[in-house]
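Trainee: Let me begin by handing over the structure; questions about it come next.
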There are 2 protein chains.
Amino acid sequence: MSTLAPPSFTIRVPEGDERERRVCNRCGFVDYRNPKIVVGSVVRASGRILLCRRAIEPRRGFWTIPAGYLELNETPEDGARREAREEAGAAIAIRRLLAVYSVPRISQVQLIFRADLPDGEARPGIETLELRFFGFDEIPWDELAFPSVHWALRHDAEAEAGAPPIPFGNPDGQAGDVLPSGQRLADDAL
Amino acid sequence: MSTLAPPSFTIRVPEGDERERRVCNRCGFVDYRNPKIVVGSVVRASGRILLCRRAIEPRRGFWTIPAGYLELNETPEDGARREAREEAGAAIAIRRLLAVYSVPRISQVQLIFRADLPDGEARPGIETLELRFFGFDEIPWDELAFPSVHWALRHDAEAEAGAPPIPFGNPDGQAGDVLPSGQRLADDAL
């Protein structure tokens, strides 16, 4: 461990810009922050749905679909395949785009795909405590990690029941801040 | 103008991370870079399509649809409306998602909407040299700014002709690096 001076930023409008940004007081570096893209998938094997119990915060111990941040130089499909491989050891086959959700309070856009698991094989990655394949009626609704996991599982069921293949968006009036139980999530867990 | 030491970064894997990032040599600040989200719209008024001639680099002087980077805390729809307002003084009404494109080489995901212009009014913003409403047969195909502008205009025409309302993706095998003329764009102009 080296001993560096801690980061020191001022929030101001950089020259030639129109919005406030974080600017380093020592070197003038501008920390442009942009919304982030989350990619994930609802994965089915023999009709059952793959869920992962999170080994990391936020929402450690709660169930989620394989999903995470898109990396540089990745397509969304490649990112969703990588997340399924990393979190669930799963070699998924993407079928189509299920949904485009947005959670503006934390500046996230989520692209969620429908996927199959042709070989049926999965094992927990290091960010996953436990994996399980659930029938729709067995899903632990009160133990899901995020509002968008609820949305994706319900929308995937609608797609399975024959809804046209048009991507879903956020349910009416919902911004992803509150779980169906009414519980408001901490900012870092939205 | 103050005289600051210039930024000084080393590319390395920060503690607790798995990928190389730019890390400040003075304060340890990690410059996480993420893919960026572009939002835009194909805007029609009385069947004609609104295009903007770019007043800024890259691709100054070439025609484009109103589009730009999604800002923090915006939904994609709000961002597309803001870009149409800023670049074309246009109060658009979004109809639906036309396309999700990705240009992995420059880490972009593009969400392009179909939109109407109910009051028919538009005027160039500061990033726009000139505005015009084109019939499809009048579009200056050889003077379009980016490959994805080509894609969006052709996909919008397919939608207008009755294609089902499923968002389009990149045309087969295309990654957004090359114009239909075969011209390869500079990295900053992809």
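Starting from 1 in every chain, residues are counted up; chains themselves are A, B, ... following the order of the structure tokens, and ligands are numbered from 1 as listed.
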Applying 8 Å and only C-alpha atoms, which residues near Ile166 in chain B remain after dropping the ones on its own chain fewer than 5 positions away? List them as a list in words.

Mentor: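 The contact residues come out as Pro165, Ile166 and Pro167 of chain A; Leu98 of chain B.
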
Trainee: Where does chain B meet chain A within 8 Å, residue by residue, with the nearest atom pair and distance in Å to one decimal for each, counting only C-alpha atoms, listed by chain and rising number, as a Markdown table?

Mentor:
| residue | atom | partner | partner_atom | distance |
| --- | --- | --- | --- | --- |
| B:Leu4 | CA | A:Cys27 | CA | 5.1 |
| B:Ala5 | CA | A:Cys27 | CA | 5.0 |
| B:Pro6 | CA | A:Cys27 | CA | 4.9 |
| B:Pro7 | CA | A:Cys27 | CA | 5.0 |
| B:Arg26 | CA | A:Leu4 | CA | 6.0 |
| B:Cys27 | CA | A:Pro6 | CA | 5.0 |
| B:Gly28 | CA | A:Leu4 | CA | 6.7 |
| B:Phe29 | CA | A:Pro7 | CA | 6.0 |
| B:Asp31 | CA | A:Asp31 | CA | 7.5 |
| B:Arg33 | CA | A:Leu72 | CA | 7.4 |
| B:Asn34 | CA | A:Leu72 | CA | 5.8 |
| B:Pro35 | CA | A:Leu72 | CA | 5.3 |
| B:Lys36 | CA | A:Asn34 | CA | 6.8 |
| B:Ile37 | CA | A:Pro35 | CA | 7.1 |
| B:Leu70 | CA | A:Pro35 | CA | 6.8 |
| B:Glu71 | CA | A:Asn34 | CA | 6.2 |
| B:Leu72 | CA | A:Ser107 | CA | 5.3 |
| B:Asn73 | CA | A:Pro104 | CA | 4.3 |
| B:Glu74 | CA | A:Pro104 | CA | 5.3 |
| B:Thr75 | CA | A:Pro104 | CA | 5.6 |
| B:Pro76 | CA | A:Ser102 | CA | 7.5 |
| B:Ser102 | CA | A:Thr75 | CA | 6.0 |
| B:Val103 | CA | A:Thr75 | CA | 7.4 |
| B:Pro104 | CA | A:Asn73 | CA | 4.3 |
| B:Arg105 | CA | A:Asn73 | CA | 5.2 |
| B:Ile106 | CA | A:Asn73 | CA | 6.5 |
| B:Ser107 | CA | A:Asn73 | CA | 4.7 |
| B:Val109 | CA | A:Thr75 | CA | 7.8 |
| B:Pro165 | CA | A:Ile166 | CA | 6.7 |
| B:Ile166 | CA | A:Ile166 | CA | 5.0 |
| B:Pro167 | CA | A:Ile166 | CA | 7.3 |

Trainee: When you draw a straight line from CA of Gly120 in chain A to CA of Arg81 in chain A, how long is it in Å?

Mentor: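 Result for CA of Gly120 in chain A versus CA of Arg81 in chain A: 14.7 Å, one decimal.
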
Trainee: From a backbone DSSP assignment, name each residue in range 4-158 of chain A labelled helix (DSSP H, G or I), as a PyMOL selection string.

Mentor: chain A and resi 76-88+104-106+136-138+141-143+147-158

Trainee: Would you please work out which residue, of B:Leu144, B:Ala161, B:Ala93, B:Ala45, is nearest to Ile65 in chain B when using only C-alpha atoms?

Mentor: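 Comparing B:Leu144, B:Ala161, B:Ala93, B:Ala45 against Ile65 in chain B, the winner is B:Leu144.
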
Trainee: In Å, how far is it from CA of Arg114 in chain A to CA of Phe146 in chain A?

Mentor: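 The value is 17.9 Å.
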
Trainee: Restricting the calculation to only C-alpha atoms, which member of B:Asp172, B:Glu127, B:Asp156, B:Glu18 is positioned closest to Ala115 in chain B?

Mentor: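 Under the stated criterion, the closest residue is B:Asp156.
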
Trainee: So how many Å separate CA of Val178 in chain A and CA of Ser148 in chain A, to one decimal?

Mentor: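 So the answer is 9.9 Å.
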